[in-house]
Every structure is written in structure tokens, then in C-alpha cells.
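Below is upload_38.csv, holding CSV, C-alpha atoms (C1' of nucleotides).
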```
chain,number,residue,atom,x,y,z
O,847,MET,CA,-37.9,0.4,7.4
O,848,ASN,CA,-36.0,-0.5,10.6
O,849,VAL,CA,-33.9,2.0,12.4
O,850,VAL,CA,-30.5,0.7,13.3
O,851,LEU,CA,-29.1,1.7,16.8
O,852,LEU,CA,-25.4,1.9,17.2
O,853,HIS,CA,-22.8,3.4,19.4
O,854,TRP,CA,-20.6,6.3,18.6
O,855,PRO,CA,-17.7,6.5,18.2
O,856,SER,CA,-17.0,2.9,19.0
O,857,GLU,CA,-18.9,1.6,16.0
O,858,ARG,CA,-17.6,4.1,13.5
O,859,SER,CA,-16.9,1.7,10.7
O,860,ARG,CA,-20.4,0.2,11.0
O,861,LEU,CA,-21.8,3.7,10.7
O,862,GLU,CA,-19.9,4.3,7.4
O,863,ARG,CA,-21.4,1.1,6.0
O,864,LEU,CA,-24.9,2.2,7.0
O,865,ARG,CA,-24.4,5.6,5.5
O,866,GLU,CA,-23.4,4.0,2.2
O,867,GLN,CA,-26.4,1.7,2.3
O,868,GLN,CA,-28.6,4.6,3.0
O,869,LEU,CA,-30.2,2.9,6.0
O,870,PRO,CA,-31.8,4.9,8.8
O,871,ARG,CA,-29.6,4.9,11.9
O,872,LEU,CA,-29.6,6.4,15.4
O,873,LEU,CA,-26.3,7.0,17.1
O,874,LEU,CA,-26.0,6.6,20.8
O,875,VAL,CA,-23.2,9.0,21.6
O,876,GLU,CA,-21.0,7.8,24.4
O,877,PRO,CA,-20.6,10.1,27.4
O,878,GLY,CA,-17.9,12.7,26.7
O,879,ALA,CA,-17.8,12.0,23.0
O,880,ILE,CA,-18.7,14.6,20.4
O,881,ALA,CA,-21.6,13.7,18.1
O,882,PRO,CA,-20.7,13.6,14.4
O,883,GLN,CA,-22.1,16.2,12.0
O,884,VAL,CA,-25.3,14.8,10.5
O,885,THR,CA,-25.5,15.3,6.8
O,886,ASP,CA,-28.6,13.5,5.6
O,887,CYS,CA,-32.1,12.9,6.7
O,888,LEU,CA,-31.6,9.2,7.7
O,889,GLU,CA,-29.3,9.9,10.6
O,890,ASP,CA,-29.8,11.2,14.1
O,891,TRP,CA,-28.2,10.9,17.5
O,892,LEU,CA,-28.8,10.9,21.2
O,893,ARG,CA,-26.4,11.4,24.0
O,894,MET,CA,-26.1,8.6,26.5
O,895,PRO,CA,-27.5,7.8,29.0
O,896,VAL,CA,-30.7,8.0,26.9
O,897,ASP,CA,-34.1,8.9,28.0
O,898,ASP,CA,-36.5,6.2,26.9
O,899,ALA,CA,-39.1,8.6,25.6
O,900,ASP,CA,-36.5,10.5,23.6
O,901,LEU,CA,-35.3,7.3,22.1
O,902,GLN,CA,-38.8,6.4,21.0
O,903,LEU,CA,-39.5,9.8,19.5
O,904,ARG,CA,-36.3,10.0,17.5
O,905,THR,CA,-36.5,6.4,16.3
O,906,ARG,CA,-40.1,7.1,15.1
O,907,ALA,CA,-39.0,10.3,13.4
O,908,LEU,CA,-36.3,8.4,11.5
O,909,GLU,CA,-38.8,5.8,10.5
O,910,ILE,CA,-41.1,8.4,9.1
O,911,ARG,CA,-38.4,10.1,7.2
O,912,ALA,CA,-37.0,6.9,5.9
O,913,ASN,CA,-40.4,6.0,4.4
O,914,GLU,CA,-40.5,9.3,2.7
O,915,HIS,CA,-37.0,9.2,1.5
O,916,ILE,CA,-36.3,5.6,0.5
O,917,ARG,CA,-37.1,5.0,-3.1
O,918,VAL,CA,-35.7,1.6,-3.9
O,919,LYS,CA,-32.8,2.2,-6.2
O,920,PRO,CA,-32.3,-0.1,-9.2
O,921,GLU,CA,-29.5,-2.5,-8.7
O,922,LEU,CA,-27.3,-4.4,-11.1
O,923,GLU,CA,-25.5,-7.5,-9.9
O,924,ASP,CA,-24.1,-10.4,-11.9
O,925,GLY,CA,-25.9,-9.3,-15.0
O,926,VAL,CA,-29.2,-9.2,-13.3
O,927,LEU,CA,-30.9,-5.8,-13.1
O,928,ARG,CA,-33.5,-5.4,-10.4
O,929,ASN,CA,-35.9,-2.6,-9.9
O,930,GLY,CA,-38.8,-2.6,-7.5
O,931,GLY,CA,-39.6,-6.3,-7.6
O,932,ALA,CA,-39.0,-6.8,-11.4
O,933,TRP,CA,-35.8,-7.9,-13.0
O,934,VAL,CA,-34.1,-8.7,-16.3
O,935,ALA,CA,-31.0,-10.5,-17.3
O,936,LEU,CA,-28.6,-8.4,-19.2
O,937,PRO,CA,-26.0,-9.6,-21.7
O,938,PRO,CA,-22.4,-8.6,-21.0
O,939,VAL,CA,-22.2,-5.4,-23.1
O,940,GLU,CA,-25.5,-4.1,-22.0
O,941,ALA,CA,-24.7,-4.9,-18.4
O,942,ARG,CA,-21.6,-2.8,-18.6
O,943,LEU,CA,-23.4,0.0,-20.2
O,944,THR,CA,-26.2,-0.2,-17.6
O,945,ALA,CA,-23.6,-0.2,-14.8
O,946,VAL,CA,-22.2,3.1,-16.0
O,947,LEU,CA,-25.6,4.7,-16.5
O,948,LEU,CA,-26.8,3.6,-13.1
O,949,ASP,CA,-23.6,4.7,-11.5
O,950,ARG,CA,-24.6,8.2,-12.6
O,951,ILE,CA,-28.3,7.7,-12.4
O,952,GLY,CA,-30.2,10.9,-13.3
O,953,THR,CA,-27.2,12.6,-14.9
O,954,VAL,CA,-25.8,12.6,-18.4
O,955,VAL,CA,-23.2,10.1,-19.5
O,956,SER,CA,-21.4,10.9,-22.7
O,957,ARG,CA,-21.2,8.5,-25.6
O,958,GLU,CA,-17.5,8.4,-25.3
O,959,THR,CA,-17.7,7.3,-21.7
O,960,LEU,CA,-20.2,4.7,-22.5
O,961,ALA,CA,-18.1,3.4,-25.4
O,962,GLU,CA,-15.0,3.2,-23.2
O,963,LYS,CA,-16.8,1.4,-20.4
O,964,GLY,CA,-18.9,-0.8,-22.6
O,965,TRP,CA,-15.9,-2.0,-24.7
O,966,PRO,CA,-12.8,-1.9,-22.4
O,967,GLU,CA,-10.6,-3.3,-25.1
O,968,GLY,CA,-11.3,-1.1,-28.1
O,969,THR,CA,-14.7,0.1,-29.3
O,970,PRO,CA,-16.3,-1.3,-32.4
O,971,GLY,CA,-18.0,0.8,-35.1
O,972,ARG,CA,-19.8,3.9,-34.4
O,973,ASN,CA,-23.3,2.5,-34.6
O,974,ALA,CA,-22.7,-0.4,-32.2
O,975,LEU,CA,-23.5,1.9,-29.3
O,976,ASP,CA,-26.7,3.1,-30.8
O,977,VAL,CA,-27.9,-0.4,-31.5
O,978,HIS,CA,-27.1,-1.5,-28.0
O,979,VAL,CA,-28.9,1.4,-26.5
O,980,LEU,CA,-31.9,0.5,-28.6
O,981,ARG,CA,-31.8,-3.1,-27.4
O,982,LEU,CA,-31.2,-2.0,-23.8
O,983,ARG,CA,-34.2,0.3,-23.9
O,984,ARG,CA,-36.5,-2.5,-24.9
O,985,ARG,CA,-35.2,-4.7,-22.1
O,986,LEU,CA,-35.4,-1.9,-19.5
O,987,SER,CA,-39.0,-1.0,-20.4
O,988,GLY,CA,-40.0,-4.2,-18.6
O,989,VAL,CA,-38.5,-3.1,-15.3
O,990,GLY,CA,-39.6,0.5,-15.1
O,991,LEU,CA,-36.5,2.2,-16.3
O,992,VAL,CA,-35.9,4.5,-19.2
O,993,ILE,CA,-32.9,5.8,-21.0
O,994,ARG,CA,-33.4,9.4,-22.2
O,995,THR,CA,-31.2,10.9,-24.8
O,996,VAL,CA,-29.7,14.3,-24.4
O,997,ARG,CA,-28.9,15.2,-27.9
O,998,SER,CA,-25.2,15.9,-28.7
O,999,ARG,CA,-24.4,15.2,-25.0
O,1000,GLY,CA,-25.2,11.6,-24.2
O,1001,TYR,CA,-27.7,9.5,-22.4
O,1002,LEU,CA,-29.2,9.4,-18.9
O,1003,ILE,CA,-31.1,6.7,-17.2
O,1004,GLU,CA,-33.9,7.3,-14.8
O,1005,VAL,CA,-36.7,5.5,-13.0
O,1006,CYS,CA,-40.0,5.7,-14.9
O,1007,ASP,CA,-42.6,7.8,-13.2
O,1008,THR,CA,-45.6,6.4,-15.0
E,644,MET,CA,-31.3,28.9,4.5
E,645,ASN,CA,-31.6,30.1,8.1
E,646,VAL,CA,-32.7,27.8,10.9
E,647,VAL,CA,-35.3,29.3,13.2
E,648,LEU,CA,-34.9,28.6,16.9
E,649,LEU,CA,-38.1,28.6,19.0
E,650,HIS,CA,-39.3,27.3,22.3
E,651,TRP,CA,-41.6,24.4,22.9
E,652,PRO,CA,-44.3,24.2,23.9
E,653,SER,CA,-44.6,27.9,24.6
E,654,GLU,CA,-44.3,28.9,20.9
E,655,ARG,CA,-46.6,26.2,19.5
E,656,SER,CA,-48.5,28.4,17.1
E,657,ARG,CA,-45.3,29.8,15.7
E,658,LEU,CA,-44.2,26.3,15.1
E,659,GLU,CA,-47.3,25.6,13.1
E,660,ARG,CA,-46.7,28.6,10.9
E,661,LEU,CA,-43.1,27.5,10.3
E,662,ARG,CA,-44.2,24.0,9.4
E,663,GLU,CA,-46.7,25.3,6.9
E,664,GLN,CA,-44.0,27.5,5.4
E,665,GLN,CA,-41.6,24.6,5.3
E,666,LEU,CA,-38.9,26.5,7.0
E,667,PRO,CA,-36.2,24.7,8.9
E,668,ARG,CA,-36.6,25.0,12.7
E,669,LEU,CA,-35.0,23.8,15.9
E,670,LEU,CA,-37.2,23.5,19.0
E,671,LEU,CA,-35.8,24.2,22.4
E,672,VAL,CA,-37.8,21.9,24.6
E,673,GLU,CA,-38.5,23.4,27.9
E,674,PRO,CA,-37.5,21.4,31.0
E,675,GLY,CA,-40.2,18.8,31.8
E,676,ALA,CA,-42.0,19.2,28.5
E,677,ILE,CA,-42.3,16.3,26.0
E,678,ALA,CA,-40.8,16.9,22.6
E,679,PRO,CA,-43.3,16.7,19.7
E,680,GLN,CA,-43.1,13.9,17.2
E,681,VAL,CA,-41.0,15.1,14.3
E,682,THR,CA,-42.5,14.2,11.0
E,683,ASP,CA,-40.3,15.9,8.4
E,684,CYS,CA,-36.7,16.6,7.6
E,685,LEU,CA,-36.7,20.3,8.4
E,686,GLU,CA,-37.5,20.0,12.1
E,687,ASP,CA,-35.4,18.9,15.1
E,688,TRP,CA,-35.3,19.6,18.8
E,689,LEU,CA,-33.0,19.9,21.8
E,690,ARG,CA,-33.9,19.6,25.4
E,691,MET,CA,-33.1,22.6,27.5
E,692,PRO,CA,-30.7,23.5,29.0
E,693,VAL,CA,-28.9,23.2,25.7
E,694,ASP,CA,-25.2,22.3,25.3
E,695,ASP,CA,-23.7,24.8,22.9
E,696,ALA,CA,-21.9,22.2,20.8
E,697,ASP,CA,-25.1,20.2,20.4
E,698,LEU,CA,-26.9,23.3,19.3
E,699,GLN,CA,-24.3,24.0,16.7
E,700,LEU,CA,-24.4,20.5,15.3
E,701,ARG,CA,-28.1,20.3,15.1
E,702,THR,CA,-28.5,23.7,13.5
E,703,ARG,CA,-25.9,22.9,10.9
E,704,ALA,CA,-27.5,19.5,10.2
E,705,LEU,CA,-30.8,21.3,9.6
E,706,GLU,CA,-29.2,23.8,7.3
E,707,ILE,CA,-27.6,21.0,5.3
E,708,ARG,CA,-30.9,19.1,5.0
E,709,ALA,CA,-32.8,22.3,4.1
E,710,ASN,CA,-30.4,22.9,1.2
E,711,GLU,CA,-30.9,19.4,0.0
E,712,HIS,CA,-34.7,19.6,0.3
E,713,ILE,CA,-35.5,23.0,-1.1
E,714,ARG,CA,-33.7,23.1,-4.3
E,715,VAL,CA,-34.7,26.7,-5.0
E,716,LYS,CA,-32.1,27.4,-7.6
E,717,PRO,CA,-32.4,26.1,-11.1
E,718,GLU,CA,-29.2,24.3,-12.3
E,719,LEU,CA,-27.8,23.6,-15.7
E,720,GLU,CA,-25.3,20.8,-16.2
E,721,ASP,CA,-24.3,18.8,-19.3
E,722,GLY,CA,-27.1,20.3,-21.3
E,723,VAL,CA,-29.7,19.3,-18.7
E,724,LEU,CA,-31.6,22.0,-16.9
E,725,ARG,CA,-33.2,21.1,-13.6
E,726,ASN,CA,-35.6,23.1,-11.5
E,727,GLY,CA,-37.5,21.7,-8.6
E,728,GLY,CA,-37.6,18.1,-9.6
E,729,ALA,CA,-38.4,18.7,-13.3
E,730,TRP,CA,-35.8,18.8,-16.0
E,731,VAL,CA,-35.3,19.3,-19.7
E,732,ALA,CA,-32.6,18.6,-22.2
E,733,LEU,CA,-31.3,21.7,-23.9
E,734,PRO,CA,-29.6,21.7,-27.3
E,735,PRO,CA,-26.1,23.3,-27.5
E,736,VAL,CA,-27.1,26.9,-28.4
E,737,GLU,CA,-30.0,27.1,-26.0
E,738,ALA,CA,-27.9,25.6,-23.3
E,739,ARG,CA,-25.3,28.3,-23.7
E,740,LEU,CA,-27.9,31.0,-23.7
E,741,THR,CA,-29.5,29.6,-20.6
E,742,ALA,CA,-26.2,29.4,-18.8
E,743,VAL,CA,-25.7,33.1,-19.3
E,744,LEU,CA,-29.2,33.9,-18.2
E,745,LEU,CA,-29.0,31.7,-15.1
E,746,ASP,CA,-25.7,33.2,-14.2
E,747,ARG,CA,-27.4,36.5,-13.8
E,748,ILE,CA,-30.7,35.1,-12.8
E,749,GLY,CA,-33.2,37.9,-12.1
E,750,THR,CA,-31.2,40.6,-13.8
E,751,VAL,CA,-31.2,41.7,-17.4
E,752,VAL,CA,-28.7,40.3,-19.9
E,753,SER,CA,-28.3,42.3,-23.1
E,754,ARG,CA,-28.8,40.8,-26.5
E,755,GLU,CA,-25.2,41.5,-27.3
E,756,THR,CA,-24.0,39.5,-24.4
E,757,LEU,CA,-26.3,36.7,-25.2
E,758,ALA,CA,-25.1,36.7,-28.8
E,759,GLU,CA,-21.5,36.6,-27.8
E,760,LYS,CA,-21.9,33.8,-25.4
E,761,GLY,CA,-24.4,31.8,-27.5
E,762,TRP,CA,-22.2,31.9,-30.6
E,763,PRO,CA,-18.6,32.1,-29.4
E,764,GLU,CA,-17.3,32.0,-32.9
E,765,GLY,CA,-19.3,34.6,-34.7
E,766,THR,CA,-22.9,35.3,-34.5
E,767,PRO,CA,-25.4,34.4,-37.3
E,768,GLY,CA,-28.1,36.7,-38.4
E,769,ARG,CA,-29.8,39.0,-36.0
E,770,ASN,CA,-33.0,37.1,-35.9
E,771,ALA,CA,-31.4,33.9,-34.8
E,772,LEU,CA,-31.3,35.0,-31.2
E,773,ASP,CA,-35.0,35.9,-31.2
E,774,VAL,CA,-35.9,32.6,-32.6
E,775,HIS,CA,-33.8,30.8,-30.0
E,776,VAL,CA,-35.3,32.7,-27.2
E,777,LEU,CA,-38.7,31.7,-28.5
E,778,ARG,CA,-37.8,28.0,-28.6
E,779,LEU,CA,-36.1,28.3,-25.2
E,780,ARG,CA,-39.2,29.9,-23.7
E,781,ARG,CA,-41.3,26.9,-24.8
E,782,ARG,CA,-38.9,24.4,-23.4
E,783,LEU,CA,-38.6,26.3,-20.1
E,784,SER,CA,-42.3,26.5,-19.5
E,785,GLY,CA,-42.2,22.9,-18.7
E,786,VAL,CA,-39.8,23.3,-15.8
E,787,GLY,CA,-41.2,26.5,-14.2
E,788,LEU,CA,-38.9,29.1,-15.6
E,789,VAL,CA,-39.8,32.1,-17.7
E,790,ILE,CA,-37.8,34.5,-19.8
E,791,ARG,CA,-39.0,38.1,-19.6
E,792,THR,CA,-38.3,40.7,-22.2
E,793,VAL,CA,-37.0,44.1,-21.2
E,794,ARG,CA,-37.5,46.1,-24.3
E,795,SER,CA,-34.5,47.5,-25.9
E,796,ARG,CA,-32.4,46.2,-23.0
E,797,GLY,CA,-32.4,42.4,-23.2
E,798,TYR,CA,-33.9,39.5,-21.4
E,799,LEU,CA,-34.0,38.1,-17.9
E,800,ILE,CA,-34.8,34.7,-16.6
E,801,GLU,CA,-36.7,34.0,-13.4
E,802,VAL,CA,-38.5,31.3,-11.6
E,803,CYS,CA,-42.2,31.1,-12.4
E,804,ASP,CA,-44.4,31.9,-9.4
E,805,THR,CA,-47.5,30.2,-10.6
U,693,DT,C1',-53.8,61.8,-31.7
U,694,DC,C1',-51.6,59.8,-35.3
U,695,DG,C1',-48.1,58.0,-38.1
U,696,DT,C1',-43.8,55.6,-38.2
U,697,DA,C1',-39.5,53.6,-37.0
U,698,DT,C1',-37.9,50.1,-34.1
U,699,DC,C1',-38.1,46.2,-31.4
U,700,DC,C1',-39.9,41.9,-30.6
U,701,DT,C1',-42.7,37.6,-31.5
U,702,DT,C1',-44.1,34.0,-34.2
U,703,DC,C1',-44.4,31.0,-38.0
U,704,DA,C1',-42.8,28.2,-41.9
U,705,DC,C1',-39.2,26.3,-44.6
U,706,DG,C1',-35.0,23.8,-45.7
U,707,DA,C1',-30.3,22.0,-44.9
U,708,DA,C1',-27.3,19.4,-42.1
U,709,DG,C1',-26.6,16.3,-38.8
U,710,DA,C1',-27.7,13.1,-34.9
U,711,DA,C1',-30.1,9.3,-33.4
U,712,DG,C1',-33.4,5.4,-34.2
U,713,DA,C1',-34.7,1.1,-36.4
U,714,DA,C1',-34.6,-3.0,-39.4
U,715,DA,C1',-32.2,-6.6,-41.5
U,716,DC,C1',-28.5,-9.6,-41.9
U,717,DA,C1',-24.2,-12.2,-40.8
U,718,DC,C1',-21.1,-14.0,-37.6
U,719,DT,C1',-19.6,-16.1,-33.2
U,720,DC,C1',-20.0,-18.7,-29.2
U,721,DA,C1',-22.1,-21.2,-25.3
U,722,DC,C1',-25.2,-24.7,-24.4
K,640,DG,C1',-27.6,-27.7,-34.3
K,641,DT,C1',-29.9,-24.0,-31.9
K,642,DG,C1',-30.4,-19.7,-30.0
K,643,DA,C1',-28.8,-15.7,-27.8
K,644,DG,C1',-25.4,-12.1,-28.1
K,645,DT,C1',-23.0,-9.1,-31.0
K,646,DG,C1',-21.4,-6.0,-34.8
K,647,DT,C1',-22.2,-4.0,-39.5
K,648,DT,C1',-24.7,-1.9,-43.1
K,649,DT,C1',-28.4,0.7,-44.7
K,650,DC,C1',-32.3,3.4,-44.5
K,651,DT,C1',-35.6,6.3,-42.0
K,652,DT,C1',-37.0,9.6,-38.7
K,653,DC,C1',-36.3,13.3,-35.7
K,654,DT,C1',-33.9,17.5,-33.9
K,655,DT,C1',-31.4,21.4,-34.4
K,656,DC,C1',-30.6,25.7,-36.3
K,657,DG,C1',-30.4,29.4,-39.4
K,658,DT,C1',-33.2,32.3,-42.6
K,659,DG,C1',-37.0,35.1,-44.4
K,660,DA,C1',-41.2,37.1,-43.8
K,661,DA,C1',-45.5,38.6,-41.5
K,662,DG,C1',-47.5,40.9,-37.9
K,663,DG,C1',-48.0,42.8,-32.9
K,664,DA,C1',-46.3,46.0,-29.5
K,665,DT,C1',-44.1,50.1,-28.0
K,666,DA,C1',-41.8,54.6,-28.1
K,667,DC,C1',-41.4,58.9,-29.9
K,668,DG,C1',-41.9,62.8,-32.8
K,669,DA,C1',-45.0,65.6,-35.6
```

Rewrite the structure of this file - the entire thing - as C-alpha cells.
Amino acid sequence: MNVVLLHWPSERSRLERLREQQLPRLLLVEPGAIAPQVTDCLEDWLRMPVDDADLQLRTRALEIRANEHIRVKPELEDGVLRNGGAWVALPPVEARLTAVLLDRIGTVVSRETLAEKGWPEGTPGRNALDVHVLRLRRRLSGVGLVIRTVRSRGYLIEVCDT
Amino acid sequence: MNVVLLHWPSERSRLERLREQQLPRLLLVEPGAIAPQVTDCLEDWLRMPVDDADLQLRTRALEIRANEHIRVKPELEDGVLRNGGAWVALPPVEARLTAVLLDRIGTVVSRETLAEKGWPEGTPGRNALDVHVLRLRRRLSGVGLVIRTVRSRGYLIEVCDT
DNA sequence: TCGTATCCTTCACGAAGAAGAAACACTCAC
DNA sequence: GTGAGTGTTTCTTCTTCGTGAAGGATACGA
């Protein structure tokens, strides 16, 4: 994973993008500027003018951390769900359900929320959701994702560990 | 979690201990010395003489990371109990009981309190609580938590040391 | 030391309810 | 037309949860 070098504060908006994308980044803090508070493991900073050895060390440290940290997140785009190389095409309803689940990956999403998001203009019968979850499960099994049920609470999606 | 400050390279052996213990640490690199290659998220360094603002920022960053990394406290949310990576889904009654126990983690909670919180609208037979504790114990064993009995006083929950 | 009352643990059973699964019919895009 | 996507019905399976009963552990008085 490549570490991105950028200037602070002049490239502030670029930094925000990188943070969202969870890419490792090293800020070169301009003379006189105050470094921002680092809040995750993929960010570090150096005050300019930079010492070359320091730059090397910190870049390398970020690379090491990034490799530990980055686990490729499953992504859903245009009805295509990708996870670690594999992918499946998802039909509209299932794509919407998956979007909600992935949005809160690892945490519980209630049936009500799923019904709302899956059928924006009025939900069908009670069992429709169950059946779709069933179908979704079968599709997801091919790409290393599982939907776990939390009884009387809802469902949660997670990356398969096996 | 407290960040340990230490000098490098004069306190090398102390650093090694801290690394083993996985405690967050900030190295103050003595003038002329080369900083060591950082390999985890709980370590950082600053070249002496240190700027006070920089020290603050890096210390705080380490604290934040440490809290993310070492999730010591078990957490219960939406019927899902998490503890150090592992999780279980808890049914309604057991979730309520666990909530009370975790709320006073490490201290005794009386059966009366448990009954009240577990069954907000009237408790069932006396034995129900015992049985639920039994079931809860089995579930909790999978996530490194134990419920201990304090005879004639109540129960307490704690993190398993094994 | 010994009984005994009390507290606690554990098991087995059954009712109620939640979720899973199969089968079928309808719709719509290609 | 054909096939995938979708919704419904129906049936099955699994989970939860309360109860009763058996037995172990502990405290305490005789």
C-alpha cells in the first residue's frame, strides 16, 4: 500500500478525501502551521523542512501499519457487489438491502429499517423480507460474506472468517 | 490509557518491555540519535528538543489509537455483545440481564435488581432467573466473559483471564 | 460432626413465537 | 417466448423462555 504525501494545511480537502478512503497518508506540515490532530493509524505528519531519514522512517511505519490495518472492505456499486476479488450481480431489491447492511457492516440493522430501505414506496407482505434475505444469503455465500440474524433484533452482515 | 514517555536510545530495554506489554509509548529521540523503525500503532517518536504543542498532539494521537486498539471493555448494543473481537447475539431477556451486569462490571448485582431489570413488567417464577443465568453463562463463555456467583448476594460479571 | 434448611446449578419438557425454506404465480426486460 | 426478479402462501424448523424437579454446595445450629 502506497503512502500519499501531501502538504498541510494547503491540501486540506485532499486530506479529507484520503481519510474517507482510508488511505495511508503523511502530512508535510508547512512552517509555522499547526499539525492536525491525528485520529487513526493511517495518518502521520512531519514538520517541514523534512529530514530525509525521518521521512523514510515515517513513510515505512505507515506502510507497515497500513498492511496490518487494511482489510479490503466489500463494496457495492451499480448492483455489483465486490469482496476480495470475487463479485456477484445483485437484483434491485437485494442490492438495496445489501447497501443498508454494508453501510452498517458489523452492526445490527432492524427489520423495519431494511423494509423501509428495500421498498422505498411501501413494503410488501411480511415474508417478502425473509425470502429476500434467504436469496441474498445464497448469493453472498459465493463472495465471502454472511448475514447473521440477531433474533428479535434484525440482521447484520459481516465478512466470512473461514 | 496512559502514554509512557521515554528516552531513546538510552532507555532501550524499557522500550522493549513496553512493546511486549503493548502499552502506548512515545520516544523522545536524543539529539543525533536515529529514531527506531516503528512497527505498530502504539508507538511514536519525537526528536529532542521537543516542541510542547507537538508533544501534546502526538501523545493525544497515541491515546486515541490505544483506545481503538485495545478494546478492553465488553460492549452491548442492539442485542449484540462484543468483547475483544468476538461477539454473540443475546435474546431479549439475557440482553437486559447482561446490560445490568456490565453496567456494574466487577461488582455484585443482587438477584432482586436483576429480576427487576430483566423483567420490567413483573417477574416470572423465582427459578427463571437461575435458568437464564445458566444459559447466559454458556453463551458468554464464547466471548471471554464469566458470571460469578456470590452466594446469597447475587452475581457479578467479569472478563475471563484465561 | 452431623443434620438440615437454603441457595444455587442443571436438566428436561412444552408452549409460543420468530425465522427459514419450498413451491407457485405473476411481471417485466431482453 | 424465455428467464430472471419478485411477492405470496404454506409448511417446517429453530429459538426463546418459563416451569418443575433432581441434585450439589454451603452455612449454620444442634

Exercise for review: For chain U, report every residue with an atom at most 9 Å from chain O (counting only C-alpha atoms (C1' of nucleotides)), formatted as a list of chain:residue names.
Suggested key: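 Contact residues on the first chain: U:DA710, U:DA711, U:DG712, U:DA713.
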
Practice item. Find the spatial neighbours of O:Trp854, counting all atoms listed in the file, within a cut-off of 7 Å - ignore same-chain residues fewer than 3 positions away - and output them as an MDAnalysis selection string. Key: chainID O and resid 857:858 873:876

**Study point:** Check: which chain O residues lie within 8 Å of chain K using only C-alpha atoms (C1' of nucleotides), as a PyMOL selection string
**Key:** chain O and resi 937+970-971+974

Using only C-alpha atoms, find the residues of chain O whose closest atom to chain E is at most 6 Å away, then write them as a PDB file with C-alpha atoms, keeping the file's coordinate frame.
```
ATOM      1  CA  GLN O 883     -22.100  16.200  12.000  1.00  0.00           C
ATOM      2  CA  VAL O 884     -25.300  14.800  10.500  1.00  0.00           C
ATOM      3  CA  THR O 885     -25.500  15.300   6.800  1.00  0.00           C
ATOM      4  CA  CYS O 887     -32.100  12.900   6.700  1.00  0.00           C
ATOM      5  CA  LEU O 903     -39.500   9.800  19.500  1.00  0.00           C
ATOM      6  CA  ALA O 907     -39.000  10.300  13.400  1.00  0.00           C
ATOM      7  CA  VAL O 996     -29.700  14.300 -24.400  1.00  0.00           C
TER       8      VAL O 996
END
```

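Across all paired C-alpha atoms, the best overlay of chain O on chain E gives 10.8 Å RMSD.
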
**Study point:** Atomic separation - atom CA of E:Leu658 relative to atom CA of O:Val896, Å
**Key:**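 Between atom CA of O:Val896 and atom CA of E:Leu658 the gap is 25.6 Å.
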
**Study point:** Pairwise distance for atom CA of E:Pro717 and atom CA of E:Glu801, rounded to one decimal in Å
**Key:** 9.3 Å
